[in-house]
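With TSV, C-alpha atoms and all ligand atoms inside, this is run_10.tsv:
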```tsv
chain	number	residue	atom	x	y	z
A	1	MET	CA	-105.93	196.56	36.22
A	2	LYS	CA	-104.39	196.64	39.69
A	3	GLN	CA	-106.41	198.73	42.16
A	4	ARG	CA	-105.06	200.04	45.47
A	5	VAL	CA	-106.10	202.47	48.19
A	6	GLU	CA	-103.72	204.51	50.36
A	7	ILE	CA	-104.93	206.64	53.25
A	8	ILE	CA	-102.58	209.46	54.25
A	9	GLY	CA	-103.98	211.73	56.95
A	10	ASN	CA	-107.20	213.21	55.56
A	11	CYS	CA	-106.45	212.06	52.01
A	12	THR	CA	-107.68	208.87	50.35
A	13	LEU	CA	-105.77	207.94	47.18
A	14	TYR	CA	-106.93	205.31	44.69
A	15	LEU	CA	-104.77	203.62	42.06
A	16	GLY	CA	-107.20	202.68	39.28
A	17	ASP	CA	-109.47	203.86	36.48
A	18	CYS	CA	-111.80	206.60	37.67
A	19	LEU	CA	-114.66	204.95	35.74
A	20	ALA	CA	-114.36	201.99	38.12
A	21	VAL	CA	-113.58	203.95	41.30
A	22	LEU	CA	-116.10	206.84	41.10
A	23	PRO	CA	-119.21	204.66	41.63
A	24	THR	CA	-117.70	203.32	44.90
A	25	LEU	CA	-117.17	206.74	46.56
A	26	GLY	CA	-119.16	208.52	49.25
A	27	LYS	CA	-120.15	212.19	49.02
A	28	VAL	CA	-117.62	214.97	48.24
A	29	ASP	CA	-117.93	218.77	48.44
A	30	ALA	CA	-116.16	219.85	45.22
A	31	VAL	CA	-114.47	218.39	42.13
A	32	VAL	CA	-111.24	220.08	41.04
A	33	THR	CA	-109.47	218.22	38.27
A	34	ASP	CA	-107.12	218.28	35.30
A	35	PRO	CA	-108.15	215.45	32.92
A	36	PRO	CA	-106.13	214.40	29.84
A	37	TYR	CA	-106.83	217.14	27.25
A	38	SER	CA	-106.49	214.98	24.11
A	39	SER	CA	-105.28	218.18	22.48
A	40	GLY	CA	-102.25	219.31	20.52
A	41	GLY	CA	-100.94	220.35	17.15
A	42	PHE	CA	-102.38	220.67	13.65
A	43	THR	CA	-102.73	217.02	12.71
A	44	ARG	CA	-103.93	213.67	13.99
A	45	GLY	CA	-100.23	212.71	14.35
A	46	ASP	CA	-99.64	215.68	16.66
A	47	ARG	CA	-102.59	214.70	18.84
A	48	THR	CA	-101.54	211.06	19.16
A	49	LEU	CA	-97.93	211.84	20.13
A	50	GLU	CA	-96.76	210.33	23.44
A	51	THR	CA	-97.60	212.73	26.27
A	52	SER	CA	-93.94	212.92	27.29
A	53	ARG	CA	-93.21	214.49	23.86
A	54	LYS	CA	-96.44	216.39	23.34
A	55	TYR	CA	-96.25	218.60	26.41
A	56	GLN	CA	-92.50	219.36	26.56
A	57	GLN	CA	-89.79	221.02	24.61
A	58	THR	CA	-87.86	218.47	22.51
A	59	GLY	CA	-85.10	216.89	24.56
A	60	LEU	CA	-86.99	216.87	27.86
A	61	GLU	CA	-89.23	213.86	27.10
A	62	LYS	CA	-86.87	211.42	28.85
A	63	TYR	CA	-87.71	213.01	32.22
A	64	PHE	CA	-91.44	212.18	32.15
A	65	ASP	CA	-93.53	209.01	32.07
A	66	ASN	CA	-96.34	208.84	29.48
A	67	PHE	CA	-99.97	208.82	30.57
A	68	SER	CA	-102.99	207.37	28.82
A	69	GLY	CA	-106.33	208.85	27.73
A	70	ASP	CA	-104.74	211.72	25.81
A	71	SER	CA	-105.14	210.69	22.17
A	72	ARG	CA	-108.90	210.45	21.65
A	73	ASP	CA	-110.43	212.35	18.75
A	74	GLN	CA	-112.65	215.21	19.86
A	75	ARG	CA	-115.97	213.35	19.51
A	76	SER	CA	-114.89	210.34	21.54
A	77	TRP	CA	-113.18	212.63	24.05
A	78	VAL	CA	-116.49	214.47	24.66
A	79	TYR	CA	-118.36	211.14	25.10
A	80	TRP	CA	-115.74	209.91	27.56
A	81	MET	CA	-115.64	213.25	29.44
A	82	SER	CA	-119.45	213.32	29.71
A	83	PHE	CA	-119.43	209.77	31.06
A	84	TRP	CA	-116.96	210.31	33.90
A	85	ILE	CA	-118.45	213.76	34.68
A	86	SER	CA	-121.88	212.14	35.13
A	87	LEU	CA	-120.34	209.59	37.54
A	88	ALA	CA	-118.53	212.34	39.48
A	89	LEU	CA	-121.72	214.42	39.75
A	90	ARG	CA	-123.46	211.48	41.44
A	91	VAL	CA	-121.07	211.74	44.39
A	92	LEU	CA	-120.96	215.55	44.48
A	93	GLU	CA	-123.14	217.44	46.98
A	94	PRO	CA	-126.04	219.37	45.38
A	95	GLY	CA	-125.02	222.89	44.32
A	96	ALA	CA	-121.29	222.12	44.84
A	97	MET	CA	-118.49	223.33	42.55
A	98	PHE	CA	-117.04	221.39	39.61
A	99	CYS	CA	-113.77	222.80	38.13
A	100	LEU	CA	-112.08	221.36	35.05
A	101	PHE	CA	-108.80	222.39	33.40
A	102	THR	CA	-108.68	222.68	29.62
A	103	ASP	CA	-106.78	224.46	26.82
A	104	TRP	CA	-108.00	226.75	24.01
A	105	ARG	CA	-108.52	223.89	21.52
A	106	GLN	CA	-110.71	221.86	23.83
A	107	LEU	CA	-112.48	224.77	25.54
A	108	PRO	CA	-115.78	224.52	23.57
A	109	ALA	CA	-115.73	220.70	23.84
A	110	THR	CA	-115.12	220.94	27.61
A	111	THR	CA	-118.09	223.25	28.25
A	112	ASP	CA	-120.23	220.84	26.13
A	113	ALA	CA	-118.99	217.83	28.11
A	114	LEU	CA	-119.71	219.45	31.48
A	115	GLN	CA	-123.29	220.12	30.41
A	116	CYS	CA	-123.76	216.72	28.68
A	117	GLY	CA	-122.58	215.08	31.89
A	118	GLY	CA	-125.32	216.90	33.82
A	119	GLY	CA	-123.42	219.86	35.32
A	120	VAL	CA	-124.60	223.48	35.19
A	121	TRP	CA	-121.90	225.47	33.39
A	122	ARG	CA	-121.36	228.81	35.21
A	123	GLY	CA	-118.14	230.31	33.85
A	124	ILE	CA	-114.49	230.17	32.84
A	125	ALA	CA	-111.48	231.28	34.90
A	126	VAL	CA	-108.09	231.87	33.29
A	127	TRP	CA	-104.71	230.52	34.29
A	128	ASP	CA	-102.12	232.92	32.88
A	129	LYS	CA	-99.00	230.74	32.66
A	130	GLN	CA	-96.80	233.82	32.17
A	131	ASN	CA	-93.99	231.76	30.64
A	132	GLY	CA	-95.94	230.47	27.57
A	133	ARG	CA	-94.06	230.15	24.30
A	134	PRO	CA	-93.95	233.27	22.04
A	135	PHE	CA	-94.50	232.93	18.24
A	136	PRO	CA	-93.87	235.51	15.49
A	137	ASP	CA	-96.82	237.59	14.23
A	138	ARG	CA	-99.43	236.02	16.49
A	139	PHE	CA	-100.56	235.89	20.10
A	140	LYS	CA	-98.51	234.00	22.65
A	141	SER	CA	-100.19	230.78	23.86
A	142	SER	CA	-99.88	231.67	27.50
A	143	ALA	CA	-103.24	230.71	28.99
A	144	GLU	CA	-105.11	227.62	30.05
A	145	TYR	CA	-108.66	227.66	31.37
A	146	ILE	CA	-110.68	226.42	34.30
A	147	VAL	CA	-114.21	225.63	33.16
A	148	TRP	CA	-116.43	225.73	36.21
A	149	GLY	CA	-119.97	224.89	37.08
A	150	ARG	CA	-122.18	223.46	39.77
A	151	ASN	CA	-124.12	220.32	40.54
A	152	GLY	CA	-127.43	222.15	40.19
A	153	PRO	CA	-128.35	225.55	41.61
A	154	ARG	CA	-126.94	226.99	44.83
A	155	LYS	CA	-128.51	229.71	46.98
A	156	ILE	CA	-125.99	232.49	47.57
A	157	ASP	CA	-125.95	234.12	51.01
A	158	MET	CA	-124.28	237.54	50.56
A	159	LYS	CA	-124.09	237.95	54.36
A	160	ASP	CA	-122.10	234.73	54.92
A	161	LYS	CA	-118.89	235.88	56.64
A	162	ASP	CA	-117.05	232.66	55.72
A	163	SER	CA	-117.39	233.25	51.97
A	164	VAL	CA	-114.22	233.62	49.92
A	165	TYR	CA	-114.01	235.90	46.87
A	166	LEU	CA	-111.72	234.32	44.28
A	167	PRO	CA	-110.28	236.12	41.23
A	168	GLY	CA	-111.20	235.11	37.66
A	169	VAL	CA	-107.59	235.26	36.42
A	170	PHE	CA	-104.68	233.50	38.14
A	171	SER	CA	-101.08	234.33	37.18
A	172	PHE	CA	-98.60	231.66	38.19
A	173	PRO	CA	-95.72	230.31	36.07
A	174	PHE	CA	-95.77	226.72	34.81
A	175	PRO	CA	-93.20	224.91	37.00
A	176	SER	CA	-89.85	224.44	35.22
A	177	PRO	CA	-89.16	220.86	33.97
A	178	LEU	CA	-86.53	220.43	36.71
A	179	LYS	CA	-89.12	221.14	39.39
A	180	ARG	CA	-91.87	218.97	37.86
A	181	GLU	CA	-92.51	215.27	38.49
A	182	HIS	CA	-95.35	215.09	35.92
A	183	SER	CA	-95.29	216.47	32.38
A	184	THR	CA	-98.46	218.54	32.96
A	185	GLN	CA	-98.00	219.28	36.68
A	186	LYS	CA	-99.94	222.36	37.81
A	187	PRO	CA	-98.36	225.05	40.07
A	188	ILE	CA	-99.06	224.45	43.75
A	189	GLU	CA	-99.94	228.14	44.34
A	190	LEU	CA	-102.62	227.96	41.62
A	191	MET	CA	-104.12	224.82	43.15
A	192	LYS	CA	-104.07	226.36	46.65
A	193	ASN	CA	-106.40	229.04	45.26
A	194	LEU	CA	-108.69	226.60	43.45
A	195	VAL	CA	-109.28	224.28	46.40
A	196	GLN	CA	-110.87	227.21	48.21
A	197	VAL	CA	-114.07	226.47	46.25
A	198	ALA	CA	-114.85	224.15	49.20
A	199	ARG	CA	-114.73	225.34	52.81
A	200	PRO	CA	-111.96	224.26	55.25
A	201	GLY	CA	-112.46	220.68	56.43
A	202	LYS	CA	-114.57	219.78	53.37
A	203	THR	CA	-113.60	217.13	50.80
A	204	ILE	CA	-112.27	217.75	47.30
A	205	LEU	CA	-112.23	215.03	44.63
A	206	ASP	CA	-109.64	214.89	41.81
A	207	PRO	CA	-110.31	211.84	39.56
A	208	PHE	CA	-107.10	212.55	37.52
A	209	MET	CA	-104.64	213.47	40.23
A	210	GLY	CA	-101.39	212.81	38.30
A	211	SER	CA	-98.55	213.75	40.67
A	212	GLY	CA	-101.09	214.77	43.36
A	213	THR	CA	-100.84	218.59	43.20
A	214	THR	CA	-104.53	219.06	44.11
A	215	GLY	CA	-103.97	216.78	47.11
A	216	VAL	CA	-100.90	218.69	48.29
A	217	ALA	CA	-102.90	221.94	47.98
A	218	CYS	CA	-105.76	220.40	49.99
A	219	VAL	CA	-103.39	219.36	52.78
A	220	GLU	CA	-101.77	222.82	52.87
A	221	GLN	CA	-105.19	224.54	52.87
A	222	GLY	CA	-106.92	222.30	55.45
A	223	ARG	CA	-109.22	220.45	53.04
A	224	CYS	CA	-109.76	216.68	52.88
A	225	PHE	CA	-108.91	214.98	49.59
A	226	VAL	CA	-109.92	212.01	47.46
A	227	GLY	CA	-107.65	211.36	44.46
A	228	ILE	CA	-107.66	208.76	41.67
A	229	GLU	CA	-104.78	207.98	39.30
A	230	LEU	CA	-104.40	205.27	36.65
A	231	ASN	CA	-100.64	205.38	36.11
A	232	GLU	CA	-98.73	203.43	38.80
A	233	LYS	CA	-95.62	205.63	38.65
A	234	TYR	CA	-97.62	208.84	39.02
A	235	PHE	CA	-99.68	207.27	41.79
A	236	ALA	CA	-96.43	206.60	43.68
A	237	VAL	CA	-95.31	210.22	43.11
A	238	ALA	CA	-98.69	211.50	44.40
A	239	CYS	CA	-98.44	209.30	47.53
A	240	LYS	CA	-94.92	210.61	48.21
A	241	ARG	CA	-95.78	214.29	47.71
A	242	ILE	CA	-98.98	214.10	49.78
A	243	GLU	CA	-97.20	212.18	52.54
A	244	GLU	CA	-94.51	214.91	52.70
A	245	ALA	CA	-97.17	217.66	52.75
A	246	TRP	CA	-99.08	215.85	55.48
A	247	ARG	CA	-95.97	215.43	57.65
A	248	ALA	CA	-95.25	219.16	57.29
A	249	GLN	CA	-98.82	220.19	58.17
A	250	GLU	CA	-98.97	217.89	61.22
A	251	LYS	CA	-96.67	220.47	62.83
A	252	GLN	CA	-99.42	223.11	62.40
A	253	PRO	CA	-102.23	222.08	64.78
A	254	GLY	CA	-105.74	223.36	64.02
A	255	LEU	CA	-105.51	223.26	60.22
A	256	PHE	CA	-108.29	220.66	59.99
A	257	PRO	CA	-111.27	222.00	61.97
A	258	ASP	CA	-113.62	219.25	60.76
A	259	THR	CA	-112.49	215.80	59.75
A	260	ALA	CA	-115.93	214.41	58.88
A	261	GLY	CA	-115.08	214.80	55.18
A	262	ARG	CA	-112.70	211.89	54.92
A	263	ALA	CA	-115.07	209.37	56.41
A	264	ALA	CA	-117.80	210.52	54.02
A	265	ALA	CA	-115.51	210.38	51.01
A	266	VAL	CA	-114.40	206.79	51.51
A	267	GLY	CA	-118.03	205.74	51.95
A	268	GLU	CA	-117.72	204.58	55.59
B	1	LIG	C1	-103.25	216.06	32.99
B	1	LIG	S1	-102.68	214.85	34.08
B	1	LIG	C2	-102.95	215.54	35.70
B	1	LIG	C3	-101.71	216.25	36.25
B	1	LIG	C4	-101.93	216.83	37.63
B	1	LIG	N1	-102.79	217.98	37.58
B	1	LIG	C5	-100.62	217.21	38.32
B	1	LIG	O1	-100.47	218.37	38.79
B	1	LIG	O2	-99.74	216.34	38.41
B	1	LIG	C6	-103.96	213.67	33.94
B	1	LIG	C7	-103.71	212.36	34.68
B	1	LIG	O3	-104.88	211.53	34.54
B	1	LIG	C8	-104.45	210.17	34.54
B	1	LIG	N2	-105.53	209.37	33.92
B	1	LIG	C9	-105.81	209.20	32.59
B	1	LIG	N3	-106.91	208.44	32.43
B	1	LIG	C10	-107.34	208.10	33.68
B	1	LIG	C11	-108.44	207.35	34.19
B	1	LIG	N4	-109.30	206.76	33.36
B	1	LIG	N5	-108.60	207.25	35.54
B	1	LIG	C12	-107.72	207.84	36.39
B	1	LIG	N6	-106.64	208.58	35.98
B	1	LIG	C13	-106.46	208.70	34.64
B	1	LIG	C14	-103.16	210.18	33.73
B	1	LIG	O4	-102.34	209.07	34.05
B	1	LIG	C15	-102.54	211.54	34.15
B	1	LIG	O5	-101.58	211.38	35.16
```

Rendering of file as C-alpha cells:
Amino acid sequence: MKQRVEIIGNCTLYLGDCLAVLPTLGKVDAVVTDPPYSSGGFTRGDRTLETSRKYQQTGLEKYFDNFSGDSRDQRSWVYWMSFWISLALRVLEPGAMFCLFTDWRQLPATTDALQCGGGVWRGIAVWDKQNGRPFPDRFKSSAEYIVWGRNGPRKIDMKDKDSVYLPGVFSFPFPSPLKREHSTQKPIELMKNLVQVARPGKTILDPFMGSGTTGVACVEQGRCFVGIELNEKYFAVACKRIEEAWRAQEKQPGLFPDTAGRAAAVGE
C-alpha cells in the first residue's frame, strides 16, 4: 500500500491504513471521526453492497467512488473497531475527547467497541439529518449518532471561562449529492461544532477523513488537524478541500493562537 504525507498549513494528512499510521503519530488533543459503519439493510447482501450504492438513492452511485472496510459482519467490525480505537487512544492526551459517528444499527456495537478499545464511554449526541427518508407507518430514519467518551477521567473546572457548552442534538441537513464529493460526507456546519471539543490551537485526529470535512472544519475553527485516509481518490479530494480552506483562512490573521499542536502531532 502506497503511503504519503502532505502538510498543508497546520494540517498533516496521511494516505494509508490507519492501523499502520496511528502507531507513528505524536500526541493529539481529541479524536473526531466517522469510520466505515459496516451497516445497511436487512440481509448480508445489503450490508456487502458497494458503498457507492449502499449510501445513495439508486441512480446516483456513478458520482461516488467506493471505499473499503464497510462490509464486515458485526463481530469482526467490533474487533476491528476496538483495535484501531486502542491505537488511537495511545496517542490521545489523558482525559481528552473521543467522538465517533455511527447509525442506529451499529449504535450498541459502537459503544461496546469504544469501551473494548479502552475508552470511557460518556454519552451519545444526535445528528438530526432533517432530510432523512420517510417510510409509511413507521418512524423516519432521520438521525445518526455521535458516540463520545474520554481517554480516562477528566477534572471539570466549572469556573474555566474558556469552556464551551455544546448541545446534545445538532440539526443540519445531509449535503445534497450535487454538493458532496464523498458518498457519506458530513455537513461542514456539524463538524465545525464537533471540533470544538478541543480548544483553539489544539490538534484533532480523524483516522478516517474521507473527503476531509473534519480537516476543513478544523482550519475554519482554528484547530490543528491530523487526518488519515486509505482511498487515494478521497485523499486527493481531502488535500484539495483543506488546501482551499487554508488559503481562505490565511486572510484571517490570528485564527491560530498556538501552533504547537502540529509539531506534536507529526511526532517532531
Ligand atoms: C465514512 S467515510 C468518512 C467520510 C468523511 N466523514 C467525510 O466527510 O468525507 C470513511 C472513510 O474511511 C476510509 N477508510 C476505510 N478504512 C480505512 C483504514 N483502514 N484507514 C484509513 N482510512 C480508511 C474510507 O476510504 C472512507 O473514505

Per-residue nearest contacts of chain A to ligand LIG 1 (chain B) (8 Å; all atoms listed in the file) as JSON lines:
```
{"residue": "A:Leu15", "atom": "CA", "partner": "B:LIG1", "partner_atom": "C12", "distance": 7.7}
{"residue": "A:Gly16", "atom": "CA", "partner": "B:LIG1", "partner_atom": "C12", "distance": 5.9}
{"residue": "A:Asp17", "atom": "CA", "partner": "B:LIG1", "partner_atom": "N5", "distance": 3.6}
{"residue": "A:Cys18", "atom": "CA", "partner": "B:LIG1", "partner_atom": "N5", "distance": 3.9}
{"residue": "A:Leu19", "atom": "CA", "partner": "B:LIG1", "partner_atom": "N4", "distance": 6.1}
{"residue": "A:Thr33", "atom": "CA", "partner": "B:LIG1", "partner_atom": "N1", "distance": 6.7}
{"residue": "A:Asp34", "atom": "CA", "partner": "B:LIG1", "partner_atom": "N1", "distance": 4.9}
{"residue": "A:Pro35", "atom": "CA", "partner": "B:LIG1", "partner_atom": "C6", "distance": 4.7}
{"residue": "A:Pro36", "atom": "CA", "partner": "B:LIG1", "partner_atom": "C1", "distance": 4.6}
{"residue": "A:Tyr37", "atom": "CA", "partner": "B:LIG1", "partner_atom": "C1", "distance": 6.9}
{"residue": "A:Asn66", "atom": "CA", "partner": "B:LIG1", "partner_atom": "O4", "distance": 7.5}
{"residue": "A:Phe67", "atom": "CA", "partner": "B:LIG1", "partner_atom": "O4", "distance": 4.2}
{"residue": "A:Ser68", "atom": "CA", "partner": "B:LIG1", "partner_atom": "C9", "distance": 5.1}
{"residue": "A:Gly69", "atom": "CA", "partner": "B:LIG1", "partner_atom": "N3", "distance": 4.8}
{"residue": "A:Asp70", "atom": "CA", "partner": "B:LIG1", "partner_atom": "C9", "distance": 7.3}
{"residue": "A:Glu181", "atom": "CA", "partner": "B:LIG1", "partner_atom": "O2", "distance": 7.3}
{"residue": "A:His182", "atom": "CA", "partner": "B:LIG1", "partner_atom": "O2", "distance": 5.2}
{"residue": "A:Ser183", "atom": "CA", "partner": "B:LIG1", "partner_atom": "O2", "distance": 7.5}
{"residue": "A:Thr184", "atom": "CA", "partner": "B:LIG1", "partner_atom": "C3", "distance": 5.2}
{"residue": "A:Gln185", "atom": "CA", "partner": "B:LIG1", "partner_atom": "O1", "distance": 3.4}
{"residue": "A:Lys186", "atom": "CA", "partner": "B:LIG1", "partner_atom": "O1", "distance": 4.1}
{"residue": "A:Pro187", "atom": "CA", "partner": "B:LIG1", "partner_atom": "O1", "distance": 7.1}
{"residue": "A:Ile188", "atom": "CA", "partner": "B:LIG1", "partner_atom": "O1", "distance": 8.0}
{"residue": "A:Pro207", "atom": "CA", "partner": "B:LIG1", "partner_atom": "C12", "distance": 5.7}
{"residue": "A:Phe208", "atom": "CA", "partner": "B:LIG1", "partner_atom": "O3", "distance": 3.9}
{"residue": "A:Met209", "atom": "CA", "partner": "B:LIG1", "partner_atom": "C4", "distance": 5.0}
{"residue": "A:Gly210", "atom": "CA", "partner": "B:LIG1", "partner_atom": "O5", "distance": 3.5}
{"residue": "A:Ser211", "atom": "CA", "partner": "B:LIG1", "partner_atom": "O2", "distance": 3.6}
{"residue": "A:Gly212", "atom": "CA", "partner": "B:LIG1", "partner_atom": "O2", "distance": 5.4}
{"residue": "A:Thr213", "atom": "CA", "partner": "B:LIG1", "partner_atom": "O1", "distance": 4.4}
{"residue": "A:Thr214", "atom": "CA", "partner": "B:LIG1", "partner_atom": "O1", "distance": 6.7}
{"residue": "A:Ile228", "atom": "CA", "partner": "B:LIG1", "partner_atom": "C12", "distance": 5.4}
{"residue": "A:Glu229", "atom": "CA", "partner": "B:LIG1", "partner_atom": "N6", "distance": 3.9}
{"residue": "A:Leu230", "atom": "CA", "partner": "B:LIG1", "partner_atom": "N6", "distance": 4.1}
{"residue": "A:Asn231", "atom": "CA", "partner": "B:LIG1", "partner_atom": "O4", "distance": 4.6}
{"residue": "A:Tyr234", "atom": "CA", "partner": "B:LIG1", "partner_atom": "O5", "distance": 6.1}
{"residue": "A:Ala238", "atom": "CA", "partner": "B:LIG1", "partner_atom": "O2", "distance": 7.8}
```

Spatial neighbours of region 102-117 of chain A, max dist 8 Å, only C-alpha atoms, sep filter under 2 positions, as an mmCIF file with C-alpha atoms, keeping the file's coordinate frame:
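Full text of around.cif as output:
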```
data_model
loop_
_atom_site.group_PDB
_atom_site.id
_atom_site.type_symbol
_atom_site.label_atom_id
_atom_site.label_comp_id
_atom_site.auth_asym_id
_atom_site.auth_seq_id
_atom_site.Cartn_x
_atom_site.Cartn_y
_atom_site.Cartn_z
ATOM 1 C CA ASP A 34 -107.120 218.280 35.300
ATOM 2 C CA PRO A 35 -108.150 215.450 32.920
ATOM 3 C CA TYR A 37 -106.830 217.140 27.250
ATOM 4 C CA SER A 39 -105.280 218.180 22.480
ATOM 5 C CA GLY A 40 -102.250 219.310 20.520
ATOM 6 C CA GLN A 74 -112.650 215.210 19.860
ATOM 7 C CA VAL A 78 -116.490 214.470 24.660
ATOM 8 C CA TYR A 79 -118.360 211.140 25.100
ATOM 9 C CA MET A 81 -115.640 213.250 29.440
ATOM 10 C CA SER A 82 -119.450 213.320 29.710
ATOM 11 C CA PHE A 83 -119.430 209.770 31.060
ATOM 12 C CA TRP A 84 -116.960 210.310 33.900
ATOM 13 C CA ILE A 85 -118.450 213.760 34.680
ATOM 14 C CA SER A 86 -121.880 212.140 35.130
ATOM 15 C CA LEU A 89 -121.720 214.420 39.750
ATOM 16 C CA LEU A 100 -112.080 221.360 35.050
ATOM 17 C CA GLY A 119 -123.420 219.860 35.320
ATOM 18 C CA VAL A 120 -124.600 223.480 35.190
ATOM 19 C CA TRP A 121 -121.900 225.470 33.390
ATOM 20 C CA ALA A 143 -103.240 230.710 28.990
ATOM 21 C CA GLU A 144 -105.110 227.620 30.050
ATOM 22 C CA TYR A 145 -108.660 227.660 31.370
ATOM 23 C CA ILE A 146 -110.680 226.420 34.300
ATOM 24 C CA VAL A 147 -114.210 225.630 33.160
ATOM 25 C CA GLY A 149 -119.970 224.890 37.080
#
```

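CA of Arg75 (chain A) sits 23.0 Å away from CA of Val32 (chain A).
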
Could you give me the axis-aligned bounding box of region 198-205 of chain A, with 4 Å of padding per side, as centre plus edge lengths in Å to one decimal, as JSON?
```
{"center_x": -113.4, "center_y": 220.2, "center_z": 50.5, "size_x": 10.9, "size_y": 18.3, "size_z": 19.8}
```

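Across the model, the gap from CA of Gly215 (chain A) to CA of Met158 (chain A) is 29.2 Å.
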
Check your understanding: Which residues, written as a PyMOL selection string, have at least one atom at most 6 Å from Thr203 (chain A), with only C-alpha atoms counted and residues fewer than 4 positions away on the same chain left out?
Key -> chain A and resi 28-29+223-225+261

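For the pair CA of Ser176 (chain A) and CA of Leu190 (chain A), the interatomic distance is 14.7 Å.
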
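Proximity to Val195 (chain A) was assessed for A:Val126, A:Val21, A:Cys99, A:Ile156 counting all atoms listed in the file; the smallest distance is recorded for A:Cys99.
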
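Taking all atoms listed in the file into account, Met191 (chain A) lies nearest to A:Cys218 out of the set A:Cys218, A:Ser38, A:Asp206, A:Gln249.
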
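Each of A:Ala236, A:Ala20, A:Cys11, A:Val164 was compared to Ala217 (chain A) using only C-alpha atoms, and A:Cys11 turns out to be the nearest.
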